[in-house]
file model_6.pdb (PDB, C-alpha atoms)
ATOM      1  CA  MET A1045      23.930 -14.876  17.100
ATOM      2  CA  LYS A1046      24.618 -11.168  16.880
ATOM      3  CA  LEU A1047      22.186  -9.118  14.811
ATOM      4  CA  SER A1048      23.357  -6.335  12.526
ATOM      5  CA  LYS A1049      22.150  -2.777  13.002
ATOM      6  CA  ILE A1050      19.639  -3.093  10.151
ATOM      7  CA  GLN A1051      18.342  -6.427  11.486
ATOM      8  CA  ARG A1052      17.889  -4.934  14.953
ATOM      9  CA  SER A1053      16.011  -2.024  13.417
ATOM     10  CA  TYR A1054      13.654  -4.396  11.575
ATOM     11  CA  LEU A1055      13.156  -6.434  14.755
ATOM     12  CA  TYR A1056      12.324  -3.345  16.833
ATOM     13  CA  ASN A1057       9.867  -2.129  14.195
ATOM     14  CA  ALA A1058       8.174  -5.539  14.040
ATOM     15  CA  LEU A1059       7.873  -5.680  17.832
ATOM     16  CA  ALA A1060       6.459  -2.148  17.884
ATOM     17  CA  VAL A1061       3.855  -3.047  15.244
ATOM     18  CA  VAL A1062       2.783  -6.154  17.164
ATOM     19  CA  GLY A1063       2.790  -4.252  20.463
ATOM     20  CA  VAL A1064       0.562  -1.456  19.136
ATOM     21  CA  PHE A1065      -1.858  -4.030  17.682
ATOM     22  CA  ILE A1066      -2.105  -5.958  20.959
ATOM     23  CA  LEU A1067      -2.607  -2.760  22.969
ATOM     24  CA  LEU A1068      -5.321  -1.284  20.732
ATOM     25  CA  TYR A1069      -7.124  -4.601  20.264
ATOM     26  CA  ALA A1070      -7.091  -5.277  24.001
ATOM     27  CA  LEU A1071      -8.534  -1.814  24.685
ATOM     28  CA  GLN A1072     -11.340  -2.559  22.229
ATOM     29  CA  LEU A1073     -12.095  -5.985  23.697
ATOM     30  CA  THR A1074     -12.255  -4.552  27.217
ATOM     31  CA  GLY A1075     -14.580  -1.756  26.099
ATOM     32  CA  LEU A1076     -12.176   1.083  26.905
ATOM     33  CA  ILE A1077     -12.355   2.056  23.225
ATOM     34  CA  GLY A1078     -16.053   2.299  22.403
ATOM     35  CA  ARG A1079     -17.810   1.757  19.081
ATOM     36  CA  TYR A1080     -17.600   5.437  18.156
ATOM     37  CA  TYR A1081     -13.832   5.549  18.628
ATOM     38  CA  GLN A1082     -13.473   2.186  16.919
ATOM     39  CA  GLY A1083     -15.086   3.768  13.847
ATOM     40  CA  ILE A1084     -12.610   6.659  13.979
ATOM     41  CA  LEU A1085      -9.737   4.185  14.314
ATOM     42  CA  LEU A1086     -10.895   2.231  11.243
ATOM     43  CA  THR A1087     -11.240   5.473   9.269
ATOM     44  CA  LEU A1088      -7.725   6.437  10.337
ATOM     45  CA  LEU A1089      -6.264   3.128   9.140
ATOM     46  CA  ILE A1090      -8.047   3.453   5.783
ATOM     47  CA  ASN A1091      -6.767   7.025   5.421
ATOM     48  CA  ILE A1092      -3.224   5.817   6.139
ATOM     49  CA  VAL A1093      -3.498   3.298   3.282
ATOM     50  CA  LEU A1094      -4.818   5.999   0.940
ATOM     51  CA  THR A1095      -2.233   8.602   1.918
ATOM     52  CA  VAL A1096       0.769   6.286   1.765
ATOM     53  CA  SER A1097      -0.333   4.889  -1.613
ATOM     54  CA  LEU A1098      -0.892   8.345  -3.121
ATOM     55  CA  ASN A1099       2.478   9.477  -1.770
ATOM     56  CA  LEU A1100       4.118   6.856  -3.990
ATOM     57  CA  ALA A1101       2.717   8.488  -7.141
ATOM     58  CA  THR A1102       2.880  12.094  -5.982
ATOM     59  CA  GLY A1103       5.714  12.297  -3.477
ATOM     60  CA  PHE A1104       8.225   9.712  -4.677
ATOM     61  CA  LEU A1105       7.394   9.687  -8.388
ATOM     62  CA  GLY A1106       6.741  13.435  -8.478
ATOM     63  CA  GLN A1107       3.549  13.275 -10.569
ATOM     64  CA  LEU A1108       0.638  15.429  -9.392
ATOM     65  CA  THR A1109      -2.502  13.288  -9.617
ATOM     66  CA  LEU A1110      -5.979  14.293  -8.475
ATOM     67  CA  GLY A1111      -7.998  11.213  -9.369
ATOM     68  CA  HIS A1112      -7.195   8.907  -6.456
ATOM     69  CA  ALA A1113     -10.824   8.891  -5.329
ATOM     70  CA  GLY A1114     -11.752   7.293  -8.653
ATOM     71  CA  PHE A1115      -9.643   4.230  -7.814
ATOM     72  CA  VAL A1116     -11.154   4.125  -4.327
ATOM     73  CA  SER A1117     -14.655   4.064  -5.819
ATOM     74  CA  VAL A1118     -13.750   1.286  -8.287
ATOM     75  CA  GLY A1119     -12.338  -0.830  -5.461
ATOM     76  CA  ALA A1120     -15.295  -0.094  -3.192
ATOM     77  CA  TYR A1121     -17.963  -1.064  -5.747
ATOM     78  CA  THR A1122     -16.045  -4.117  -6.984
ATOM     79  CA  ALA A1123     -15.563  -5.457  -3.464
ATOM     80  CA  ALA A1124     -19.159  -4.702  -2.470
ATOM     81  CA  LEU A1125     -20.636  -6.419  -5.549
ATOM     82  CA  ILE A1126     -18.526  -9.552  -4.984
ATOM     83  CA  SER A1127     -19.618  -9.749  -1.339
ATOM     84  CA  LEU A1128     -23.272  -9.271  -2.269
ATOM     85  CA  ARG A1129     -23.515 -11.529  -5.322
ATOM     86  CA  SER A1130     -20.800 -14.162  -5.135
ATOM     87  CA  GLY A1131     -22.837 -16.524  -2.976
ATOM     88  CA  LEU A1132     -19.742 -17.391  -0.953
ATOM     89  CA  PRO A1133     -19.645 -17.351   2.861
ATOM     90  CA  GLU A1134     -18.822 -13.865   4.121
ATOM     91  CA  ALA A1135     -15.548 -14.984   5.730
ATOM     92  CA  VAL A1136     -14.376 -16.296   2.343
ATOM     93  CA  ALA A1137     -15.902 -13.590   0.158
ATOM     94  CA  PHE A1138     -14.408 -10.653   2.084
ATOM     95  CA  PRO A1139     -10.673 -11.251   1.436
ATOM     96  CA  ILE A1140     -11.458 -12.211  -2.180
ATOM     97  CA  ALA A1141     -13.489  -9.010  -2.534
ATOM     98  CA  LEU A1142     -10.650  -6.849  -1.166
ATOM     99  CA  VAL A1143      -8.047  -8.363  -3.497
ATOM    100  CA  SER A1144     -10.447  -8.143  -6.449
ATOM    101  CA  GLY A1145     -11.161  -4.491  -5.670
ATOM    102  CA  GLY A1146      -7.441  -3.784  -5.678
ATOM    103  CA  VAL A1147      -6.841  -5.699  -8.923
ATOM    104  CA  VAL A1148      -9.696  -3.979 -10.790
ATOM    105  CA  ALA A1149      -8.498  -0.585  -9.528
ATOM    106  CA  ALA A1150      -4.967  -1.475 -10.717
ATOM    107  CA  VAL A1151      -6.365  -2.336 -14.169
ATOM    108  CA  PHE A1152      -8.073   1.055 -14.265
ATOM    109  CA  GLY A1153      -4.767   2.572 -13.146
ATOM    110  CA  ILE A1154      -3.013   1.027 -16.147
ATOM    111  CA  MET A1155      -5.776   2.142 -18.525
ATOM    112  CA  ILE A1156      -5.682   5.700 -17.215
ATOM    113  CA  GLY A1157      -1.928   5.829 -16.674
ATOM    114  CA  ILE A1158      -0.909   4.912 -20.233
ATOM    115  CA  PRO A1159      -2.352   8.103 -21.772
ATOM    116  CA  ALA A1160      -2.214  10.326 -18.667
ATOM    117  CA  LEU A1161       1.434   9.817 -17.707
ATOM    118  CA  ARG A1162       2.565  11.189 -21.057
ATOM    119  CA  LEU A1163       1.715  14.578 -19.557
ATOM    120  CA  ARG A1164       3.358  16.432 -16.667
ATOM    121  CA  GLY A1165       2.544  18.975 -13.987
ATOM    122  CA  ASP A1166      -0.787  20.785 -14.164
ATOM    123  CA  TYR A1167      -1.836  18.940 -17.313
ATOM    124  CA  LEU A1168      -1.467  15.575 -15.580
ATOM    125  CA  ALA A1169      -3.444  16.847 -12.578
ATOM    126  CA  ILE A1170      -6.267  18.012 -14.847
ATOM    127  CA  ILE A1171      -6.495  14.780 -16.855
ATOM    128  CA  THR A1172      -6.436  12.545 -13.737
ATOM    129  CA  LEU A1173      -9.099  14.774 -12.202
ATOM    130  CA  GLY A1174     -11.151  14.310 -15.370
ATOM    131  CA  PHE A1175     -10.757  10.529 -15.290
ATOM    132  CA  GLY A1176     -11.803  10.439 -11.637
ATOM    133  CA  GLU A1177     -14.972  12.380 -12.409
ATOM    134  CA  ILE A1178     -15.716  10.166 -15.431
ATOM    135  CA  ILE A1179     -15.545   7.084 -13.222
ATOM    136  CA  ARG A1180     -17.919   8.687 -10.712
ATOM    137  CA  VAL A1181     -20.459   9.691 -13.385
ATOM    138  CA  VAL A1182     -20.345   6.253 -15.023
ATOM    139  CA  ILE A1183     -21.013   4.547 -11.672
ATOM    140  CA  LEU A1184     -23.956   6.886 -11.072
ATOM    141  CA  ASN A1185     -25.536   5.786 -14.371
ATOM    142  CA  LEU A1186     -25.096   2.013 -14.090
ATOM    143  CA  LYS A1187     -27.997  -0.087 -12.817
ATOM    144  CA  PHE A1188     -25.960  -2.876 -11.216
ATOM    145  CA  THR A1189     -24.127  -0.346  -9.028
ATOM    146  CA  GLY A1190     -27.390   1.061  -7.702
ATOM    147  CA  GLY A1191     -27.113   4.271  -9.715
ATOM    148  CA  ALA A1192     -27.740   7.497  -7.861
ATOM    149  CA  SER A1193     -29.377   5.600  -4.986
ATOM    150  CA  GLY A1194     -26.094   3.922  -4.127
ATOM    151  CA  LEU A1195     -25.373   0.333  -3.206
ATOM    152  CA  ASN A1196     -26.737  -0.812   0.140
ATOM    153  CA  GLY A1197     -26.958  -3.992   2.155
ATOM    154  CA  ILE A1198     -23.177  -4.483   2.117
ATOM    155  CA  PRO A1199     -22.143  -6.835   4.956
ATOM    156  CA  ILE A1200     -20.193  -5.124   7.727
ATOM    157  CA  MET A1201     -16.940  -7.091   7.570
ATOM    158  CA  THR A1202     -14.225  -4.471   8.071
ATOM    159  CA  ASN A1203     -12.732  -4.858  11.524
ATOM    160  CA  PHE A1204      -9.607  -3.729  13.325
ATOM    161  CA  PRO A1205      -7.412  -6.793  12.570
ATOM    162  CA  TYR A1206      -8.158  -6.570   8.838
ATOM    163  CA  ALA A1207      -7.674  -2.799   8.607
ATOM    164  CA  TYR A1208      -4.528  -2.806  10.757
ATOM    165  CA  SER A1209      -2.973  -5.687   8.792
ATOM    166  CA  ILE A1210      -3.621  -3.995   5.445
ATOM    167  CA  ALA A1211      -2.263  -0.666   6.696
ATOM    168  CA  VAL A1212       0.924  -2.388   7.928
ATOM    169  CA  LEU A1213       1.205  -4.330   4.646
ATOM    170  CA  THR A1214       0.843  -1.115   2.621
ATOM    171  CA  ILE A1215       3.505   0.696   4.649
ATOM    172  CA  THR A1216       5.869  -2.294   4.460
ATOM    173  CA  VAL A1217       5.481  -2.668   0.697
ATOM    174  CA  MET A1218       6.133   1.046   0.176
ATOM    175  CA  PHE A1219       9.228   1.048   2.398
ATOM    176  CA  LEU A1220      10.688  -2.014   0.681
ATOM    177  CA  LEU A1221       9.860  -0.673  -2.775
ATOM    178  CA  ILE A1222      11.408   2.749  -2.186
ATOM    179  CA  ARG A1223      14.584   1.200  -0.785
ATOM    180  CA  SER A1224      14.944  -1.192  -3.719
ATOM    181  CA  ARG A1225      16.503  -0.663  -7.138
ATOM    182  CA  HIS A1226      13.044   0.055  -8.533
ATOM    183  CA  GLY A1227      12.411   2.649  -5.839
ATOM    184  CA  ARG A1228      15.644   4.460  -6.640
ATOM    185  CA  ALA A1229      14.598   4.536 -10.295
ATOM    186  CA  ILE A1230      11.224   6.024  -9.311
ATOM    187  CA  ILE A1231      12.888   8.717  -7.183
ATOM    188  CA  SER A1232      15.335   9.546  -9.991
ATOM    189  CA  ILE A1233      12.371  10.344 -12.243
ATOM    190  CA  ARG A1234      11.129  12.811  -9.639
ATOM    191  CA  GLU A1235      14.523  14.484  -9.378
ATOM    192  CA  ASP A1236      15.206  14.793 -13.125
ATOM    193  CA  GLU A1237      13.215  12.773 -15.643
ATOM    194  CA  ILE A1238      15.410  13.709 -18.602
ATOM    195  CA  ALA A1239      18.590  12.719 -16.770
ATOM    196  CA  ALA A1240      16.985   9.462 -15.601
ATOM    197  CA  GLU A1241      15.938   8.570 -19.133
ATOM    198  CA  SER A1242      19.354   9.376 -20.555
ATOM    199  CA  SER A1243      20.873   7.096 -17.877
ATOM    200  CA  GLY A1244      18.967   4.140 -19.294
ATOM    201  CA  ILE A1245      15.978   4.108 -16.928
ATOM    202  CA  ASN A1246      12.709   3.149 -18.600
ATOM    203  CA  THR A1247      10.761   6.136 -17.280
ATOM    204  CA  THR A1248       7.458   5.092 -18.883
ATOM    205  CA  TYR A1249       7.608   1.671 -17.204
ATOM    206  CA  TYR A1250       8.434   3.013 -13.745
ATOM    207  CA  LYS A1251       5.860   5.796 -13.911
ATOM    208  CA  LEU A1252       3.191   3.272 -14.843
ATOM    209  CA  LEU A1253       4.425   0.841 -12.162
ATOM    210  CA  ALA A1254       4.160   3.421  -9.359
ATOM    211  CA  PHE A1255       0.791   4.640 -10.619
ATOM    212  CA  THR A1256      -0.593   1.078 -10.772
ATOM    213  CA  ILE A1257       0.653   0.097  -7.301
ATOM    214  CA  ALA A1258      -0.896   3.274  -5.863
ATOM    215  CA  ALA A1259      -4.200   2.450  -7.608
ATOM    216  CA  PHE A1260      -4.141  -1.142  -6.273
ATOM    217  CA  PHE A1261      -3.863  -0.097  -2.627
ATOM    218  CA  ALA A1262      -6.463   2.632  -3.169
ATOM    219  CA  GLY A1263      -8.836  -0.064  -4.438
ATOM    220  CA  VAL A1264      -8.171  -2.239  -1.383
ATOM    221  CA  ALA A1265      -8.847   0.762   0.868
ATOM    222  CA  GLY A1266     -12.101   1.321  -1.035
ATOM    223  CA  GLY A1267     -13.113  -2.274  -0.316
ATOM    224  CA  LEU A1268     -12.448  -1.764   3.392
ATOM    225  CA  GLN A1269     -14.481   1.418   3.334
ATOM    226  CA  ALA A1270     -17.427  -0.223   1.568
ATOM    227  CA  HIS A1271     -17.583  -3.040   4.140
ATOM    228  CA  MET A1272     -17.450  -0.522   6.980
ATOM    229  CA  LEU A1273     -20.256   1.796   5.811
ATOM    230  CA  PHE A1274     -22.997  -0.738   4.836
ATOM    231  CA  VAL A1275     -23.993   1.621   1.997
ATOM    232  CA  ILE A1276     -21.851   3.473  -0.557
ATOM    233  CA  ASP A1277     -22.693   6.371  -2.840
ATOM    234  CA  ALA A1278     -20.572   7.411  -5.823
ATOM    235  CA  ASN A1279     -20.953  11.081  -4.915
ATOM    236  CA  LYS A1280     -18.761  10.474  -1.863
ATOM    237  CA  PHE A1281     -15.834   9.705  -4.181
ATOM    238  CA  GLY A1282     -15.771  13.050  -5.939
ATOM    239  CA  PHE A1283     -13.093  15.652  -6.524
ATOM    240  CA  ILE A1284     -13.166  16.875  -2.913
ATOM    241  CA  TYR A1285     -12.275  13.414  -1.627
ATOM    242  CA  SER A1286      -9.202  13.322  -3.883
ATOM    243  CA  VAL A1287      -8.194  16.748  -2.578
ATOM    244  CA  ASP A1288      -8.615  15.583   1.034
ATOM    245  CA  ILE A1289      -6.184  12.711   0.433
ATOM    246  CA  MET A1290      -3.767  15.038  -1.365
ATOM    247  CA  VAL A1291      -3.859  17.476   1.584
ATOM    248  CA  MET A1292      -2.738  14.658   3.884
ATOM    249  CA  VAL A1293       0.155  13.837   1.551
ATOM    250  CA  VAL A1294       1.285  17.461   1.287
ATOM    251  CA  LEU A1295       0.933  18.098   5.021
ATOM    252  CA  GLY A1296       2.948  15.028   5.976
ATOM    253  CA  GLY A1297       5.662  15.659   3.404
ATOM    254  CA  MET A1298       5.798  14.610  -0.229
ATOM    255  CA  GLY A1299       8.324  11.797  -0.105
ATOM    256  CA  SER A1300       7.916  10.751   3.534
ATOM    257  CA  ILE A1301       5.970   7.603   4.411
ATOM    258  CA  THR A1302       6.005   8.275   8.143
ATOM    259  CA  GLY A1303       4.989  11.852   7.358
ATOM    260  CA  SER A1304       1.922  10.505   5.532
ATOM    261  CA  ILE A1305       1.044   8.368   8.559
ATOM    262  CA  LEU A1306       1.437  11.355  10.878
ATOM    263  CA  ALA A1307      -0.633  13.674   8.667
ATOM    264  CA  ALA A1308      -3.394  11.083   8.185
ATOM    265  CA  THR A1309      -3.569  10.680  11.955
ATOM    266  CA  ILE A1310      -3.772  14.426  12.594
ATOM    267  CA  LEU A1311      -6.318  15.176   9.861
ATOM    268  CA  THR A1312      -8.535  12.256  10.856
ATOM    269  CA  ILE A1313      -8.588  13.042  14.562
ATOM    270  CA  LEU A1314      -8.575  16.863  14.383
ATOM    271  CA  PRO A1315     -12.106  17.272  12.921
ATOM    272  CA  GLU A1316     -13.430  14.943  15.623
ATOM    273  CA  LEU A1317     -11.741  16.967  18.363
ATOM    274  CA  LEU A1318     -13.341  20.124  16.971
ATOM    275  CA  ARG A1319     -16.784  18.570  16.609
ATOM    276  CA  ASP A1320     -18.096  20.236  19.794
ATOM    277  CA  LEU A1321     -17.450  23.645  18.247
ATOM    278  CA  ALA A1322     -19.953  22.760  15.505
ATOM    279  CA  GLN A1323     -20.417  26.117  13.728
ATOM    280  CA  TYR A1324     -16.721  27.041  13.733
ATOM    281  CA  ARG A1325     -15.263  23.556  13.336
ATOM    282  CA  MET A1326     -14.370  23.719   9.629
ATOM    283  CA  LEU A1327     -13.146  27.323   9.929
ATOM    284  CA  ILE A1328     -10.710  26.418  12.721
ATOM    285  CA  TYR A1329      -9.677  23.291  10.813
ATOM    286  CA  ALA A1330      -8.869  25.365   7.712
ATOM    287  CA  ILE A1331      -6.963  28.019   9.691
ATOM    288  CA  LEU A1332      -4.827  25.372  11.409
ATOM    289  CA  LEU A1333      -3.971  23.843   8.035
ATOM    290  CA  ILE A1334      -3.000  27.244   6.619
ATOM    291  CA  VAL A1335      -0.793  28.021   9.621
ATOM    292  CA  LEU A1336       0.915  24.640   9.383
ATOM    293  CA  MET A1337       1.647  25.063   5.685
ATOM    294  CA  LEU A1338       2.932  28.622   6.183
ATOM    295  CA  TYR A1339       5.469  27.519   8.779
ATOM    296  CA  ARG A1340       6.174  24.088   7.276
ATOM    297  CA  PRO A1341       5.721  24.470   3.485
ATOM    298  CA  SER A1342       7.590  21.201   2.857
ATOM    299  CA  GLY A1343       5.236  19.337   5.196
ATOM    300  CA  LEU A1344       5.691  18.095   8.729
ATOM    301  CA  LEU A1345       8.625  15.832   7.849
ATOM    302  CA  GLY A1346       9.528  17.031   4.348
ATOM    303  CA  ARG A1347      11.310  14.128   2.658
ATOM    304  CA  HIS A1348      12.649  12.694   5.912
ATOM    305  CA  GLU A1349      11.398   9.639   7.770
ATOM    306  CA  LEU A1350      10.584   9.652  11.459
ATOM    307  CA  SER A1351      13.194   7.556  13.252
ATOM    308  CA  GLN A1352      14.810   7.128  16.653
ATOM    309  CA  LYS A1353      17.716   9.257  15.455
ATOM    310  CA  ILE A1354      15.501  12.172  14.418
ATOM    311  CA  LEU A1355      13.455  11.939  17.632
ATOM    312  CA  GLY A1356      16.714  12.050  19.591
ATOM    313  CA  GLN A1357      17.854  15.121  17.669
ATOM    314  CA  TRP A1358      14.540  16.892  18.332
ATOM    315  CA  ALA A1359      14.742  16.025  22.038
ATOM    316  CA  GLY A1360      18.331  17.324  22.137
ATOM    317  CA  ARG A1361      17.311  20.602  20.531
ATOM    318  CA  LEU A1362      14.487  21.054  23.019
ATOM    319  CA  ARG A1363      16.819  20.392  25.943
ATOM    320  CA  GLY A1364      19.375  22.780  24.420
ATOM    321  CA  LYS A1365      16.804  25.548  24.140
ATOM    322  CA  LYS A1366      15.739  25.069  27.752
ATOM    323  CA  HIS A1367      19.249  25.174  29.173
ATOM    324  CA  THR A1368      20.844  27.751  26.857
ATOM    325  CA  PRO A1369      21.358  30.980  28.856
ATOM    326  CA  SER A1370      20.139  34.175  27.280
ATOM    327  CA  ALA A1371      22.824  36.199  25.527
ATOM    328  CA  PRO A1372      23.895  39.401  27.335
ATOM    329  CA  ASP A1373      22.758  42.686  25.931
ATOM    330  CA  SER A1374      25.234  44.198  23.491
ATOM    331  CA  PRO A1375      26.933  47.336  24.805
ATOM    332  CA  GLU A1376      25.780  50.601  23.385
ATOM    333  CA  ALA A1377      28.120  52.329  20.954
TER     334      ALA A1377
END
call {"tool": "encode", "arguments": {"input": "model_6.pdb", "output": "structure tokens"}}
result
Amino acid sequence: MKLSKIQRSYLYNALAVVGVFILLYALQLTGLIGRYYQGILLTLLINIVLTVSLNLATGFLGQLTLGHAGFVSVGAYTAALISLRSGLPEAVAFPIALVSGGVVAAVFGIMIGIPALRLRGDYLAIITLGFGEIIRVVILNLKFTGGASGLNGIPIMTNFPYAYSIAVLTITVMFLLIRSRHGRAIISIREDEIAAESSGINTTYYKLLAFTIAAFFAGVAGGLQAHMLFVIDANKFGFIYSVDIMVMVVLGGMGSITGSILAATILTILPELLRDLAQYRMLIYAILLIVLMLYRPSGLLGRHELSQKILGQWAGRLRGKKHTPSAPDSPEA
């Protein structure tokens, strides 16, 4: 049976995903990746989920939102409370907690999205920022969430197989969504909302759909984070955290899923590489970001996806530059 080009592409991607999982998991089991680096790897996978999900609302839908950390906090506290108070065995409670965290975050996404998505541009950014801060302040003043002291005693259940599977699931859902009829409708809103609406696209429905899906995966990522840290504090999910996620989206390319993965990887690992510099670490980190955005204002990949074809083109350009002879000097007049 001969596979089509698209089927071969899907098969290669699936084999690559399985191969990377087996390699990384084997390195962890053999001790070549220690506990410290395992923690960085889990943080990276969570950041990938957050960045890819936010890219749906910001990059593909074209709506600037700055309240993503609010959905992360809702998912984190929901998942943590279920694990602590459900009375179920941890192996059963954990997946239920993750799904519940995502569902509750999605409900908050609908509640916030209905009024917020009537606005555009800076106004939408301001109102989503306000909602994110409201969620944080409310959590700080509730007794069952631990208030300002935070929620502690959360069982450590987040591991590499769970985090890797959810990251792959998030990426797969986003790819399939964007390449579907619904995804094309979402992208058309980004390109020209008035034209999309006049073409018969229900812009309100698709804006709310993208916003809710992004909130759901943010809530799941929050649940993973809560079960990795043992203790969570609402102050961690403030405005700065939303900006950090947005920086990853912008750096990777607004409208590029593989760009989000690449940017999340760079911005998770880079601070750790600069940790030895201590005093100058954040300064160097900021300068590198500024330089990258000056030379690549559209992000590392813009709206393109990293593929074998693009990698081949880049390799061809590099080979061309190496072998291209220098042009002779022009004769003087």
call {"tool": "closest_atom_pairs", "arguments": {"input": "model_6.pdb", "of": "segment 1108-1223 of chain A", "to": "segment 1294-1311 of chain A", "cutoff": "9 Å", "atoms": "all atoms listed in the file", "output": "CSV"}}
result
residue,atom,partner,partner_atom,distance
A:Ile1215,CA,A:Ile1301,CA,7.3
A:Met1218,CA,A:Ile1301,CA,7.8
A:Phe1219,CA,A:Ile1301,CA,7.6
call {"tool": "closest_residue", "arguments": {"input": "model_6.pdb", "among": "A:Met1272, A:Ala1262, A:Ile1140, A:Ile1092", "to": "Ile1200 of chain A", "atoms": "only C-alpha atoms"}}
result
A:Met1272
call {"tool": "closest_residue", "arguments": {"input": "model_6.pdb", "among": "A:Gly1111, A:Pro1315, A:Gly1083, A:Pro1133", "to": "Pro1199 of chain A", "atoms": "all atoms listed in the file"}}
result
A:Pro1133
call {"tool": "closest_residue", "arguments": {"input": "model_6.pdb", "among": "A:Arg1340, A:His1271, A:His1348, A:Lys1049", "to": "Thr1122 of chain A", "atoms": "all atoms listed in the file"}}
result
A:His1271
call {"tool": "residues_near_point", "arguments": {"input": "model_6.pdb", "point": "(-21.8, 0.7, 3.5)", "cutoff": "8 Å", "atoms": "all atoms listed in the file", "output": "list in words"}}
result
Leu1195, Asn1196, Gly1197, Ile1198, Pro1199, Ile1200, Gln1269, Ala1270, His1271, Met1272, Leu1273, Phe1274, Val1275 and Ile1276 of chain A
call {"tool": "closest_residue", "arguments": {"input": "model_6.pdb", "among": "A:Leu1086, A:Val1061, A:Leu1098, A:Ala1169", "to": "Val1291 of chain A", "atoms": "only C-alpha atoms"}}
result
A:Leu1098
call {"tool": "residues_around", "arguments": {"input": "model_6.pdb", "residues": "segment 1172-1184 of chain A", "least_positions_apart": "3", "cutoff": "9 Å", "atoms": "all atoms listed in the file", "output": "count of residues only"}}
result
32
call {"tool": "residues_around", "arguments": {"input": "model_6.pdb", "residues": "Tyr1206 of chain A", "least_positions_apart": "6", "cutoff": "10 Å", "atoms": "only C-alpha atoms", "output": "list in words"}}
result
Leu1086, Leu1089, Pro1139 and Leu1268 of chain A
call {"tool": "build_atoms", "arguments": {"input": "model_6.pdb", "residues": "segment 1064-1079 of chain A", "atoms": "N, CA and C atoms", "output": "mmCIF file, in the frame of the given file"}}
result
data_model
loop_
_atom_site.group_PDB
_atom_site.id
_atom_site.type_symbol
_atom_site.label_atom_id
_atom_site.label_comp_id
_atom_site.auth_asym_id
_atom_site.auth_seq_id
_atom_site.Cartn_x
_atom_site.Cartn_y
_atom_site.Cartn_z
ATOM 1 N N VAL A 1064 1.658 -2.417 19.336
ATOM 2 C CA VAL A 1064 0.562 -1.456 19.136
ATOM 3 C C VAL A 1064 -0.740 -2.193 18.832
ATOM 4 N N PHE A 1065 -0.650 -3.249 18.008
ATOM 5 C CA PHE A 1065 -1.858 -4.030 17.682
ATOM 6 C C PHE A 1065 -2.454 -4.650 18.941
ATOM 7 N N ILE A 1066 -1.614 -5.292 19.744
ATOM 8 C CA ILE A 1066 -2.105 -5.958 20.959
ATOM 9 C C ILE A 1066 -2.738 -4.943 21.912
ATOM 10 N N LEU A 1067 -2.093 -3.786 22.066
ATOM 11 C CA LEU A 1067 -2.607 -2.760 22.969
ATOM 12 C C LEU A 1067 -3.969 -2.249 22.513
ATOM 13 N N LEU A 1068 -4.069 -1.855 21.238
ATOM 14 C CA LEU A 1068 -5.321 -1.284 20.732
ATOM 15 C C LEU A 1068 -6.434 -2.326 20.707
ATOM 16 N N TYR A 1069 -6.098 -3.549 20.327
ATOM 17 C CA TYR A 1069 -7.124 -4.601 20.264
ATOM 18 C C TYR A 1069 -7.615 -4.954 21.669
ATOM 19 N N ALA A 1070 -6.701 -4.989 22.625
ATOM 20 C CA ALA A 1070 -7.091 -5.277 24.001
ATOM 21 C C ALA A 1070 -8.001 -4.186 24.558
ATOM 22 N N LEU A 1071 -7.694 -2.926 24.224
ATOM 23 C CA LEU A 1071 -8.534 -1.814 24.685
ATOM 24 C C LEU A 1071 -9.932 -1.902 24.086
ATOM 25 N N GLN A 1072 -10.027 -2.394 22.848
ATOM 26 C CA GLN A 1072 -11.340 -2.559 22.229
ATOM 27 C C GLN A 1072 -12.113 -3.710 22.865
ATOM 28 N N LEU A 1073 -11.426 -4.814 23.113
ATOM 29 C CA LEU A 1073 -12.095 -5.985 23.697
ATOM 30 C C LEU A 1073 -12.585 -5.705 25.111
ATOM 31 N N THR A 1074 -11.851 -4.882 25.839
ATOM 32 C CA THR A 1074 -12.255 -4.552 27.217
ATOM 33 C C THR A 1074 -13.273 -3.421 27.272
ATOM 34 N N GLY A 1075 -13.581 -2.816 26.144
ATOM 35 C CA GLY A 1075 -14.580 -1.756 26.099
ATOM 36 C C GLY A 1075 -14.050 -0.378 26.408
ATOM 37 N N LEU A 1076 -12.746 -0.241 26.629
ATOM 38 C CA LEU A 1076 -12.176 1.083 26.905
ATOM 39 C C LEU A 1076 -12.178 1.962 25.655
ATOM 40 N N ILE A 1077 -12.148 1.341 24.490
ATOM 41 C CA ILE A 1077 -12.355 2.056 23.225
ATOM 42 C C ILE A 1077 -13.730 1.654 22.724
ATOM 43 N N GLY A 1078 -14.675 2.590 22.786
ATOM 44 C CA GLY A 1078 -16.053 2.299 22.403
ATOM 45 C C GLY A 1078 -16.249 2.208 20.899
ATOM 46 N N ARG A 1079 -17.496 1.940 20.500
ATOM 47 C CA ARG A 1079 -17.810 1.757 19.081
ATOM 48 C C ARG A 1079 -17.536 3.026 18.275
#
